[in-house]
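The structure appears right after this line, and notes come after that.
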Number of protein chains: 6
Amino acid sequence: MTQPSWPQGLPSNFGGLDEEFSGFDRSRIAVLPVPYDFSTTYQSGTRAGPRAMIEASRNMEVWDDELGATYRAGIHTLPEVEPTALGPEAMVERVERAVGWILEHGKIPAMFGGEHSISTGAVRAAKRTFPNLSVLQIDAHADMRDEYLDSPYCHACVMRRIRELVPAASVGIRSLSEEEAEHLEAHPAPIWSTRQFRALRGEWGGILEALTEDVFITFDVDGLDPSIMPGTGTPEPGGLDWYEAVDLMAAVAARKRIVGFDIVELAPIAGQVGSDFLCARLAYRMMGLALSSAKR
Amino acid sequence: MTQPSWPQGLPSNFGGLDEEFSGFDRSRIAVLPVPYDFSTTYQSGTRAGPRAMIEASRNMEVWDDELGATYRAGIHTLPEVEPTALGPEAMVERVERAVGWILEHGKIPAMFGGEHSISTGAVRAAKRTFPNLSVLQIDAHADMRDEYLDSPYCHACVMRRIRELVPAASVGIRSLSEEEAEHLEAHPAPIWSTRQFRALRGEWGGILEALTEDVFITFDVDGLDPSIMPGTGTPEPGGLDWYEAVDLMAAVAARKRIVGFDIVELAPIAGQVGSDFLCARLAYRMMGLALSSAKR
Amino acid sequence: MTQPSWPQGLPSNFGGLDEEFSGFDRSRIAVLPVPYDFSTTYQSGTRAGPRAMIEASRNMEVWDDELGATYRAGIHTLPEVEPTALGPEAMVERVERAVGWILEHGKIPAMFGGEHSISTGAVRAAKRTFPNLSVLQIDAHADMRDEYLDSPYCHACVMRRIRELVPAASVGIRSLSEEEAEHLEAHPAPIWSTRQFRALRGEWGGILEALTEDVFITFDVDGLDPSIMPGTGTPEPGGLDWYEAVDLMAAVAARKRIVGFDIVELAPIAGQVGSDFLCARLAYRMMGLALSSAKR
Amino acid sequence: MTQPSWPQGLPSNFGGLDEEFSGFDRSRIAVLPVPYDFSTTYQSGTRAGPRAMIEASRNMEVWDDELGATYRAGIHTLPEVEPTALGPEAMVERVERAVGWILEHGKIPAMFGGEHSISTGAVRAAKRTFPNLSVLQIDAHADMRDEYLDSPYCHACVMRRIRELVPAASVGIRSLSEEEAEHLEAHPAPIWSTRQFRALRGEWGGILEALTEDVFITFDVDGLDPSIMPGTGTPEPGGLDWYEAVDLMAAVAARKRIVGFDIVELAPIAGQVGSDFLCARLAYRMMGLALSSAKR
Amino acid sequence: MTQPSWPQGLPSNFGGLDEEFSGFDRSRIAVLPVPYDFSTTYQSGTRAGPRAMIEASRNMEVWDDELGATYRAGIHTLPEVEPTALGPEAMVERVERAVGWILEHGKIPAMFGGEHSISTGAVRAAKRTFPNLSVLQIDAHADMRDEYLDSPYCHACVMRRIRELVPAASVGIRSLSEEEAEHLEAHPAPIWSTRQFRALRGEWGGILEALTEDVFITFDVDGLDPSIMPGTGTPEPGGLDWYEAVDLMAAVAARKRIVGFDIVELAPIAGQVGSDFLCARLAYRMMGLALSSAKR
Amino acid sequence: MTQPSWPQGLPSNFGGLDEEFSGFDRSRIAVLPVPYDFSTTYQSGTRAGPRAMIEASRNMEVWDDELGATYRAGIHTLPEVEPTALGPEAMVERVERAVGWILEHGKIPAMFGGEHSISTGAVRAAKRTFPNLSVLQIDAHADMRDEYLDSPYCHACVMRRIRELVPAASVGIRSLSEEEAEHLEAHPAPIWSTRQFRALRGEWGGILEALTEDVFITFDVDGLDPSIMPGTGTPEPGGLDWYEAVDLMAAVAARKRIVGFDIVELAPIAGQVGSDFLCARLAYRMMGLALSSAKR
């Protein structure tokens with residue numbers, strides 16, 4: 001095909017990047033969109049999350065004001081993973097396959113949800129490549145139920161499944177069911193509510209110690225305060241602010257290797273791009289941090 | 001409990017009816033809310049449909065301007081059926097159980113969806129009680145796929161499953177996949193597009209002949225024109241108008257017995273109650289028609 | 001009626017509580033929905049507030065992460081108080097009757113508005129039961145006009161009326177009319193703007209001293225910052241954050257008895273549940289604090 | 001004041017008209033905005049109706065494609081009538097005063113609501129000037145209750161009050177309470193549902209006969225079909241279309257004198273101007289018809 | 001790049017077509033997205049039109065229920081034309097270049113706007129390839145101003161410019177400025193309002209006679225009724241319905257050659273996909289008609 | 001014209017002020033609405049900004065809780081500047097003319113945008129009157145591109161143009177293109193990101209030193225945090241809060257003379273007045289500060 005000669009809009013990939021910086025082979029980062037929300041119960045809409053993040057990212061400067069020209073490492077946007085209607089367990093397996101494929105190709109996976117249930121698949125895949133894996137969870141909810149809506153793979157159970165597999169530290173947690181509270185009473189885990197996190201006043205050694213050398217970050221956007229992240233299904237008051245979240249991850253990047261990450265539970269609000277745009281910025285920052293952490 | 005003595009708002013049931021006209025035992029109609037939308041793919045939100053219909057119905061006059069005081073036959077609103085995350089097949093079974101329970105108690109089921117996949121369960125239950133059952137489908141889509149998103153019980157397959165069970169006539173159909181078009185070419189079925197339906201100019205004998213004596217109506221609201229029913233996931237242009245839809249059902253009621261019905265695929269639009277309100281009116285009209293048809 | 005046997009959704013009351021924890025007789029708390037907004041002038045919609053709060057509360061964990069299983073004390077949701085079109089004075093009387101009824105039955109009233117004008121009725125009723133009553137107002141506006149839109153019982157006059165009845169302390173106030181500024185110049189009252197409240201740096205003795213032993217809290221949600229509470233009619237910049245608000249009330253609960261409260265002026269934003277959800281959490285926290293304060 | 005010399009936007013009055021065509025003295029038409037909605041119960045927001053109509057009218061061509069340059073007769077936009085919180089009866093009196101003032105100045109009143117309750121005031125004033133007055137009501141609802149929310153002047157009672165005063169013909173009516181149905185059974189009135197109106201096939205003599213020589217039109221926008229008028233509080237399916245409504249009024253204008261009119265119950269939908277724009281066009285058409293009818 | 005092996009979502013092009021049916025070389029149709037809306041004045045947002053149409057088309061069955069498997073002819077989606085801020089004249093030139101490029105490659109251009117001003121560029125390019133060109137305009141507005149907002153290339157002038165170049169027939173026109181009415185009085189043109197079009201009762205010979213053999217269709221979506229097309233900047237009541245529009249175009253295709261088309265002025269409404277979806281269907285129908293007409 | 005005698009709503013000007021406080025001659029402040037957004041690219045809608053601010057201001061108390069009765073100095077609202085479609089350069093010239101006219105009449109200009117490109121015109125005019133002018137920019141974006149969308153006068157270039165004319169200090173900047181980052185590396189300018197600004201802990205001497213005696217403030221609302229200002233086209237996380245912004249300007253007012261200001265890039269969100277209301281309050285505060293600074 002002869003190339004069109006008129007001025008064209010940016011490509012429809014993460015960052016709106018030209019082939020030079022988004023071709024698969026030359027890219028260090030692989031974005032995996034997973035528009036799955038078949039087991040949420042209150043407000044739906046996370047299926048539109050990946051697309052909204054990518055669209056927003058096309059209108060974002062790809063110069064990160066704190067990390068610079070992250071895009072030069074290459075960011076490839078993969079096709080979406082098609083949802084399955086057979087329930088979250090089947091979807092977790094599909095995600096595991098896709099993330100495994102990314103890792104086999106030596107890329108850093110950046111998975112965009114969709115609901116939180118998909119993270120189990122990503123962590124399973126990462127655990128195979130990085131046996132010394134641990135998980136940093138940013139979230140409002142413990143997600144430690146043993147079963148929900150008849151399935152042990154629902155979004156409300158995702159950290160229960162992940163903690164069975166790898167160590168995990170959780171920050172921002174401020175909502176638990178009674179069952180989860182009792183479980184955590186019996187089986188303590190390294191979890192910090194927003195209040196507890198703020199009480200650390202930047203002394204985050206305890207969080208870092210709960211993590212191993214290789215870290216996968218699962219970022220449920222409801223860990224952030226609803227004021228800056230209204231676009232999520234269950235917006236719990238009292239969450240993290242922007243600088244708290246990115247500074248914590250920068251601290252992790254300075255001491256650990258970030259081997260992949262996901263951003264889940266963005267449920268875009270029609271006509272209000274703030275949440276989408278924040279997620280695009282967040283993803284880009286996390287890509288930069290993952291790259292810098294990988295250099296060590 | 002002493003009864004509060006101040007003026008109170010209407011009860012939160014269909015029609016906002018007092019105990020006298022909504023108690024279970026004295027009610028001829030049983031409303032079953034099924035807020036399930038775990039297998040839709042484009043726009044989500046049908047889980048909010050049942051609640052929106054019931055809320056709208058509280059603001060509707062319960063005097064039907066064509067049928068009168070339908071409510072006097074009693075309309076009981078049941079608790080919602082809880083969704084399961086195990087996939088549409090499991091949900092179909094749960095719905096079958098619930099609708100069966102209603103029929104066993106001698107009530108006319110009025111099921112409010114939720115996505116269309118649930119209708120398979122309702123028809124299965126009705127078939128057990130009414131062996132001579134047939135189904136009238138109002139819909140924009142044939143819903144005749146053999147499988148969708150890995151499941152044969154997805155909303156896109158519902159009429160394929162139902163037609164395996166009972167005869168069915170379909171009106172308003174104006175969207176098929178190529179697979180469905182080929183299937184219907186090979187296995188013709190009594191289906192009328194909006195154009196074909198209008199070409200009948202009220203001579204609906206052919207439709208009635210495709211039905212048996214006992215009819216269950218499955219009303220996918222996207223059968224209506226998007227102008228009057230914007231609140232649905234896949235609004236196909238060129239649908240039925242209000243009078244076409246209610247007149248067709250009145251003609252059915254005049255010749256057949258309507259043993260139950262569902263209204264599915266209402267996905268309420270935030271801040272715009274028109275779709276919800278139409279569904280409330282539609283449900284109330286269908287209740288009146290079912291009652292009148294049962295008198296024969 | 002035979003109980004349905006299929007898995008059911010949560011009941012439509014505050015917290016989605018089973019009869020065991022929501023029956024009237026066994027409940028310490030009584031939620032009174034008052035969907036009244038007949039005298040607001042800018043943005044309307046507070047009539048939808050009570051319903052939105054209750055709906056949101058069904059999706060909230062009833063384990064309060066700071067206070068635990070508040071629901072075990074029992075929370076009964078009463079029918080709505082029907083609005084009257086005869087003006088705010090008539091409505092105030094109706095509310096007084098309803099709240100009085102709750103207090104006579106020994107429950108703690110949790111009134112959900114609706115516009116602020118209804119609080120006069122609640123305070124009048126509480127004053128009868130608790131002669132030593134005072135009021136803590138969280139609000140952006142002084143609400144100290146003597147008359148508004150021809151009525152001395154409008155929302156803009158509510159604290160003028162209440163202060164004629166009982167002592168009151170006000171926090172978050174950052175909007176006054178010139179008339180109110182002059183009145184307060186002439187008749188000083190214990191009022192803290194957000195700036196003044198923050199300047200206290202947690203030394204809240206002065207606020208507590210302005211209150212008597214028995215405190216009714218009237219919480220106009222516009223006292224909170226619009227970032228966390230966009231869903232209100234007149235969102236004034238520079239309000240309280242979540243932790244400031246709940247910590248202040250915890251301090252009150254630690255020293256006083258909270259005999260009842262209201263949450264008013266929530267005007268839900270269609271398609272954006274954050275404000276509703278915060279109010280549900282806020283109500284639940286206030287219930288827990290009221291219960292704990294009552295133990296002293 | 002020296003006149004600014006840069007190109008300026010259109011003035012903020014109906015039609016965006018220059019002083020030449022909007023000055024009070026030279027105007028035949030007087031627009032009266034009445035942003036009152038203190039007694040509606042389901043969806044609120046009609047207070048924003050007048051402003052939305054005027055704003056939309058600024059973006060409308062003032063060349064009416066069927067009637068031409070109506071604006072040349074002069075259209076003056078008056079200041080808004082301030083709502084009173086003392087209930088609909090007080091508001092009706094205030095409206096009566098304002099419309100009376102317009103009529104005393106020899107203008108044709110074009111009142112923009114606001115809820116329907118205000119029409120009683122307009123008709124009272126018009127009756128004083130035109131003793132031989134009758135009313136044409138376009139509406140979905142009979143509005144024939146004797147009392148609603150404790151007041152006989154509520155929107156739901158407006159035609160009961162008006163019919164006590166003058167003869168009236170009603171078109172589009174398709175929603176009544178049981179009480180109203182019984183009342184109309186006992187006291188028949190010239191009322192046509194959409195079906196009945198359509199059955200006339202343009203033979204509107206009966207409607208015209210029910211009217212006197214001098215006609216005030218009260219146009220509740222829910223008389224139109226919700227497909228073209230979604231922006232109203234209680235959108236009843238099965239209403240009039242655009243051409244039916246304007247053609248009926250043209251027929252009235254051809255035989256009677258239209259001495260004034262109102263358009264009520266527009267509740268603008270945020271972000272969707274279609275309803276507002278239709279009302280602007282409708283108002284402009286009605287102005288043109290009133291002027292042409294006055295020539296006879 | 002190794003092909004990912006997991007089930008993937010549909011590609012992000014018109015129809016969600018695989019390379020087989022969307023590769024440039026094998027495609028008969030070329031979709032050109034032009035997200036330009038720098039000269040609209042009332043409601044903005046047409047810049048989002050192309051993307052919304054393409055997104056909606058991915059959820060549309062590519063089996064046209066009246067024309068069948070149109071997609072098999074190949075539909076390639078080009079990159080967006082980047083807007084220029086230098087004013088509509090510069091943009092018209094850019095569009096002319098892009099459409100010219102499509103025609104040089106022997107494809108049928110399907111241009112998705114953006115505001116109507118871009119059509120001048122498309123017609124200019126088509127005129128070069130098809131000297132015997134004429135234009136069928138579907139529109140609510142005459143768009144016959146000589147200048148608007150200082151530019152003769154504004155959307156409000158587009159048909160004035162086009163008529164200077166080629167003959168044109170216009171259908172649906174129901175809004176003109178006084179200047180345009182006078183111009184058309186002096187220079188009559190073949191224009192049918194909705195009323196006039198309906199009065200033809202399908203006898204469309206006059207419209208066809210006003211067209212030459214080679215026809216470019218410029219479809220301003222506000223030509224349709226606002227009930228089915230709320231998503232446009234200036235929704236004029238009384239427009240065409242779905243079947244009127246597609247049947248007229250089918251009649252043109254049966255007698256003329258459709259050499260290209262545009263669909264302009266879609267301004268998507270956040271959270272309400274009906275307008276977008278109709279445009280996707282409309283585009284697909286027009287593609288099928290253009291292909292069938294080209295066979296003659 | 002005889003004055004109407006019924007109670008009337010507030011006038012439609014900034015603050016809803018009576019003639020006494022809004023007449024041109026007696027007013028110290030002149031509000032200039034510029035509803036221009038012909039070169040924005042992501043989210044449109046700033047054309048609705050001026051109107052939304054003025055409408056919100058009518059519902060704001062004109063008693064500033066920190067500065068008192070600012071309105072007594074007189075605030076006149078001018079007619080809107082009509083946009084031109086000829087590109088931003090032509091618009092800049094038009095704005096320069098309008099602001100120059102205000103300054104010639106000895107008023108303080110308060111310009112309400114519209115997109116940021118218009119500020120170049122305002123600063124040019126102010127520079128003519130105040131040769132010793134400098135500019136304080138509050139913004140998320142550097143706006144230092146040399147050209148954008150083919151024009152050197154686009155919103156993305158506004159500070160590049162302004163800095164060619166006068167010195168400028170910028171606060172809140174957290175988004176730059178790579179081109180801008182390189183330009184600023186080569187040509188350092190006094191710019192503070194939110195982080196850098198907060199690190200000053202109120203020691204703002206450096207900012208003040210970068211300004212001359214006469215200061216024009218250009219306030220792009222995206223300088224504020226998206227949590228309090230969601231209604232803007234490109235909401236960048238990590239912005240200023242309300243008190244930071246107003247306190248910085250108060251510090252400027254205490255040491256410099258504020259000779260005019262603009263508030264730009266408000267893109268109102270339908271159905272959510274928080275952003276509009278904040279801008280109204282912000283404008284009113286800035287008016288008060290400008291007046292107090294002028295007294296020195």
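Residues are referred to by chain and number: the chain letter is A, B, ... according to the order shown in the structure tokens, the number counts from 1 in that chain, and ligands are numbered separately from 1 in the order shown.
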Contacts of range 191-195 of chain A at 10 Å (only C-alpha atoms; same-chain gap of 5+ positions) as number ranges by chain: A: 137-142, 168-175, 184, 200, 207, 210, 223-225, 238-241, 244; C: 65, 243
Hey, which bits of chain A sit within 10 Å of chain F, and for each residue what's the closest pair of atoms and how far apart in Å (one decimal), counting only C-alpha atoms, rows by chain and increasing number, as a tab-separated table?
residue	atom	partner	partner_atom	distance
A:Pro7	CA	F:Leu149	CA	9.8
A:Glu55	CA	F:Tyr42	CA	9.7
A:Ala56	CA	F:Tyr42	CA	8.6
A:Arg58	CA	F:Tyr42	CA	9.1
A:Asn59	CA	F:Tyr42	CA	6.4
A:Met60	CA	F:Thr234	CA	8.2
A:Glu61	CA	F:Ser177	CA	5.4
A:Val62	CA	F:Ser177	CA	6.9
A:Trp63	CA	F:Glu178	CA	5.3
A:Asp64	CA	F:Ser175	CA	7.5
A:Asp65	CA	F:Ser175	CA	6.1
A:Glu66	CA	F:Arg174	CA	8.7
A:Gly68	CA	F:Glu178	CA	8.0
A:Ala69	CA	F:Glu178	CA	7.5
A:Asp225	CA	F:Ser227	CA	9.3
A:Pro226	CA	F:Ser227	CA	8.4
A:Ser227	CA	F:Ser227	CA	4.9
A:Ile228	CA	F:Ser227	CA	4.8
A:Met229	CA	F:Ser227	CA	8.1
A:Pro230	CA	F:Ser227	CA	8.8
A:Asp241	CA	F:Gly238	CA	8.4
A:Trp242	CA	F:Gly238	CA	6.0
A:Tyr243	CA	F:Gly238	CA	6.9
A:Gly271	CA	F:Ile269	CA	7.2
A:Gln272	CA	F:Ile269	CA	7.1
A:Val273	CA	F:Pro235	CA	7.7
A:Gly274	CA	F:Pro235	CA	5.6
A:Ser275	CA	F:Pro235	CA	8.9
A:Asp276	CA	F:Pro235	CA	9.7
A:Phe277	CA	F:Pro235	CA	7.0
A:Leu278	CA	F:Pro237	CA	5.9
A:Cys279	CA	F:Pro237	CA	9.5
A:Arg281	CA	F:Pro237	CA	7.9
A:Leu282	CA	F:Pro237	CA	9.1
Neighbouring residues of Thr46 in chain C were defined as those with any atom within 8 Å, considering only C-alpha atoms; residues of the same chain fewer than 4 positions away were excluded. Please report them as a PyMOL selection string. chain C and resi 35-37+113-115+232-233+264-268
Please provide the set of residues having any atom within 10 Å of Ser119 in chain C, restricted to only C-alpha atoms, with same-chain residues fewer than 6 positions apart removed, written as a compact mmCIF listing (two decimals) with all heavy atoms, in the first residue's frame.
# COMPACT_ATOMS: atom_id res chain seq x y z
N VAL C 92 -41.75 20.51 57.67
CA VAL C 92 -41.03 20.46 58.94
C VAL C 92 -41.90 19.81 60.01
O VAL C 92 -41.43 18.98 60.79
CB VAL C 92 -40.60 21.90 59.35
CG1 VAL C 92 -40.31 21.98 60.84
CG2 VAL C 92 -39.39 22.33 58.53
N VAL C 95 -42.02 16.06 59.42
CA VAL C 95 -40.76 15.41 59.83
C VAL C 95 -40.68 15.34 61.35
O VAL C 95 -40.26 14.33 61.92
CB VAL C 95 -39.55 16.19 59.26
CG1 VAL C 95 -38.26 15.75 59.92
CG2 VAL C 95 -39.47 15.98 57.74
N GLU C 96 -41.10 16.40 62.01
CA GLU C 96 -41.07 16.40 63.48
C GLU C 96 -41.90 15.22 64.01
O GLU C 96 -41.48 14.52 64.94
CB GLU C 96 -41.64 17.72 64.01
CG GLU C 96 -41.60 17.78 65.53
CD GLU C 96 -42.15 19.09 66.07
OE1 GLU C 96 -42.49 20.00 65.25
OE2 GLU C 96 -42.25 19.22 67.30
N MET C 111 -31.77 10.23 59.78
CA MET C 111 -32.64 10.76 58.73
C MET C 111 -31.83 11.05 57.48
O MET C 111 -30.79 11.70 57.53
CB MET C 111 -33.32 12.04 59.24
CG MET C 111 -34.24 12.68 58.20
SD MET C 111 -35.30 13.98 58.90
CE MET C 111 -34.09 15.28 59.16
N PHE C 112 -32.33 10.57 56.34
CA PHE C 112 -31.63 10.80 55.06
C PHE C 112 -32.46 11.77 54.22
O PHE C 112 -33.60 11.47 53.85
CB PHE C 112 -31.50 9.49 54.27
CG PHE C 112 -30.64 8.44 54.89
CD1 PHE C 112 -30.53 7.17 54.30
CD2 PHE C 112 -29.91 8.66 56.05
CE1 PHE C 112 -29.74 6.17 54.84
CE2 PHE C 112 -29.11 7.66 56.62
CZ PHE C 112 -29.04 6.41 56.02
N GLY C 113 -31.87 12.95 53.90
CA GLY C 113 -32.56 13.92 53.04
C GLY C 113 -32.22 13.69 51.60
O GLY C 113 -31.49 12.76 51.26
N ALA C 125 -38.06 17.61 67.32
CA ALA C 125 -38.46 16.35 67.96
C ALA C 125 -37.41 15.91 68.97
O ALA C 125 -37.74 15.48 70.09
CB ALA C 125 -38.66 15.27 66.89
N TYR C 153 -38.77 28.84 56.75
CA TYR C 153 -38.43 27.43 56.98
C TYR C 153 -37.66 26.81 55.81
O TYR C 153 -37.49 25.60 55.75
CB TYR C 153 -39.68 26.62 57.30
CG TYR C 153 -40.21 26.97 58.66
CD1 TYR C 153 -41.18 27.96 58.82
CD2 TYR C 153 -39.69 26.37 59.80
CE1 TYR C 153 -41.64 28.32 60.08
CE2 TYR C 153 -40.14 26.72 61.05
CZ TYR C 153 -41.12 27.69 61.19
OH TYR C 153 -41.54 28.04 62.44
N HIS C 155 -34.49 25.82 53.36
CA HIS C 155 -33.18 25.24 53.66
C HIS C 155 -32.16 26.31 54.03
O HIS C 155 -31.27 26.08 54.85
CB HIS C 155 -32.70 24.43 52.45
CG HIS C 155 -32.54 25.24 51.21
ND1 HIS C 155 -31.32 25.74 50.81
CD2 HIS C 155 -33.45 25.67 50.31
CE1 HIS C 155 -31.49 26.43 49.70
NE2 HIS C 155 -32.77 26.39 49.36
N VAL C 158 -32.33 27.17 57.90
CA VAL C 158 -32.52 26.07 58.86
C VAL C 158 -31.72 26.28 60.15
O VAL C 158 -32.22 26.02 61.25
CB VAL C 158 -32.22 24.70 58.20
CG1 VAL C 158 -30.81 24.60 57.70
CG2 VAL C 158 -32.54 23.56 59.15
N MET C 159 -30.52 26.80 60.06
CA MET C 159 -29.73 26.95 61.29
C MET C 159 -30.19 28.18 62.07
O MET C 159 -30.01 28.24 63.30
CB MET C 159 -28.24 27.01 60.99
CG MET C 159 -27.66 25.68 60.54
SD MET C 159 -27.99 24.28 61.66
CE MET C 159 -27.12 24.79 63.14
N ARG C 161 -33.30 28.88 62.46
CA ARG C 161 -34.41 28.31 63.24
C ARG C 161 -33.88 27.40 64.34
O ARG C 161 -34.36 27.42 65.48
CB ARG C 161 -35.34 27.51 62.31
CG ARG C 161 -36.11 28.31 61.28
CD ARG C 161 -37.12 29.27 61.86
NE ARG C 161 -36.58 30.57 62.20
CZ ARG C 161 -36.24 31.52 61.32
NH1 ARG C 161 -36.41 31.36 60.03
NH2 ARG C 161 -35.72 32.67 61.74
N ILE C 162 -32.89 26.60 64.01
CA ILE C 162 -32.36 25.65 65.00
C ILE C 162 -31.66 26.38 66.13
O ILE C 162 -31.82 26.04 67.31
CB ILE C 162 -31.42 24.64 64.30
CG1 ILE C 162 -32.26 23.61 63.51
CG2 ILE C 162 -30.51 23.94 65.30
CD1 ILE C 162 -31.47 22.61 62.71
N PHE C 216 -27.16 16.27 68.46
CA PHE C 216 -27.72 15.84 67.20
C PHE C 216 -26.81 16.38 66.11
O PHE C 216 -26.48 17.56 66.13
CB PHE C 216 -29.14 16.39 67.03
CG PHE C 216 -29.82 15.92 65.76
CD1 PHE C 216 -30.64 14.80 65.77
CD2 PHE C 216 -29.65 16.61 64.56
CE1 PHE C 216 -31.27 14.36 64.61
CE2 PHE C 216 -30.28 16.18 63.40
CZ PHE C 216 -31.08 15.06 63.41
N ILE C 217 -26.38 15.53 65.19
CA ILE C 217 -25.50 16.00 64.11
C ILE C 217 -26.32 16.19 62.85
O ILE C 217 -27.01 15.26 62.41
CB ILE C 217 -24.37 14.99 63.83
CG1 ILE C 217 -23.54 14.75 65.10
CG2 ILE C 217 -23.47 15.52 62.71
CD1 ILE C 217 -22.38 13.78 64.92
N THR C 218 -26.27 17.39 62.31
CA THR C 218 -26.89 17.63 61.01
C THR C 218 -25.76 17.81 60.00
O THR C 218 -24.96 18.73 60.09
CB THR C 218 -27.86 18.83 61.02
OG1 THR C 218 -28.45 18.93 59.71
CG2 THR C 218 -27.20 20.14 61.36
N PHE C 219 -25.68 16.85 59.08
CA PHE C 219 -24.54 16.79 58.17
C PHE C 219 -25.02 17.13 56.77
O PHE C 219 -25.60 16.29 56.07
CB PHE C 219 -23.95 15.37 58.20
CG PHE C 219 -22.54 15.29 57.70
CD1 PHE C 219 -21.51 14.87 58.53
CD2 PHE C 219 -22.22 15.64 56.38
CE1 PHE C 219 -20.19 14.79 58.07
CE2 PHE C 219 -20.93 15.58 55.92
CZ PHE C 219 -19.90 15.15 56.76
N ASP C 220 -24.80 18.40 56.39
CA ASP C 220 -25.07 18.81 55.01
C ASP C 220 -23.83 18.41 54.21
O ASP C 220 -22.72 18.88 54.48
CB ASP C 220 -25.28 20.32 54.95
CG ASP C 220 -25.63 20.81 53.56
OD1 ASP C 220 -25.11 20.24 52.58
OD2 ASP C 220 -26.39 21.77 53.44
N PHE C 261 -29.02 11.77 64.02
CA PHE C 261 -28.30 12.59 63.02
C PHE C 261 -29.09 12.58 61.72
O PHE C 261 -30.01 11.77 61.52
CB PHE C 261 -26.88 12.05 62.79
CG PHE C 261 -26.81 10.69 62.16
CD1 PHE C 261 -26.80 10.54 60.77
CD2 PHE C 261 -26.73 9.54 62.95
CE1 PHE C 261 -26.72 9.28 60.18
CE2 PHE C 261 -26.66 8.28 62.37
CZ PHE C 261 -26.66 8.15 60.99
N ASP C 262 -28.73 13.53 60.88
CA ASP C 262 -29.24 13.50 59.53
C ASP C 262 -28.09 13.70 58.55
O ASP C 262 -27.04 14.22 58.92
CB ASP C 262 -30.34 14.54 59.30
CG ASP C 262 -29.87 15.98 59.44
OD1 ASP C 262 -28.83 16.35 58.85
OD2 ASP C 262 -30.55 16.75 60.14
N ILE C 263 -28.30 13.24 57.33
CA ILE C 263 -27.38 13.51 56.21
C ILE C 263 -28.27 14.09 55.12
O ILE C 263 -29.19 13.41 54.66
CB ILE C 263 -26.67 12.23 55.74
CG1 ILE C 263 -25.82 11.66 56.88
CG2 ILE C 263 -25.81 12.50 54.52
CD1 ILE C 263 -25.06 10.39 56.52
N VAL C 264 -28.00 15.32 54.74
CA VAL C 264 -28.90 16.01 53.80
C VAL C 264 -28.14 16.58 52.60
O VAL C 264 -26.92 16.66 52.61
CB VAL C 264 -29.66 17.16 54.52
CG1 VAL C 264 -30.59 16.62 55.58
CG2 VAL C 264 -28.69 18.18 55.09
Write out as an MDAnalysis selection string the residues lying within 10 Å of Leu32 in chain B, counting only C-alpha atoms and excluding same-chain residues fewer than 4 positions away. chainID B and resid 50 76:81 95 98:99 102 109:113 262
As a ChimeraX atom specification, which residues of range 165-261 of chain F does DSSP assign to strand (DSSP E or B)? /F:168-171,175,191-192,214-220,224,240,257-261
6 Å contact set for range 285-295 of chain D, only C-alpha atoms, chain neighbours under 4 positions out, as a list in words: Thr70, Ala253, Arg257 and Ile258 of chain D
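Atom pair CA of Ala90 in chain D / CA of Asp146 in chain C has a distance of 19.6 Å (rounded to one decimal).
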Please give the complete set of residues from range 36-249 of chain D that DSSP, run on the backbone, assigns to alpha helix (DSSP H), formatted as an NGL selection string. :D and (49-57 or 88-104 or 119-129 or 158-163 or 178-186 or 194-199 or 205-209 or 242-249)
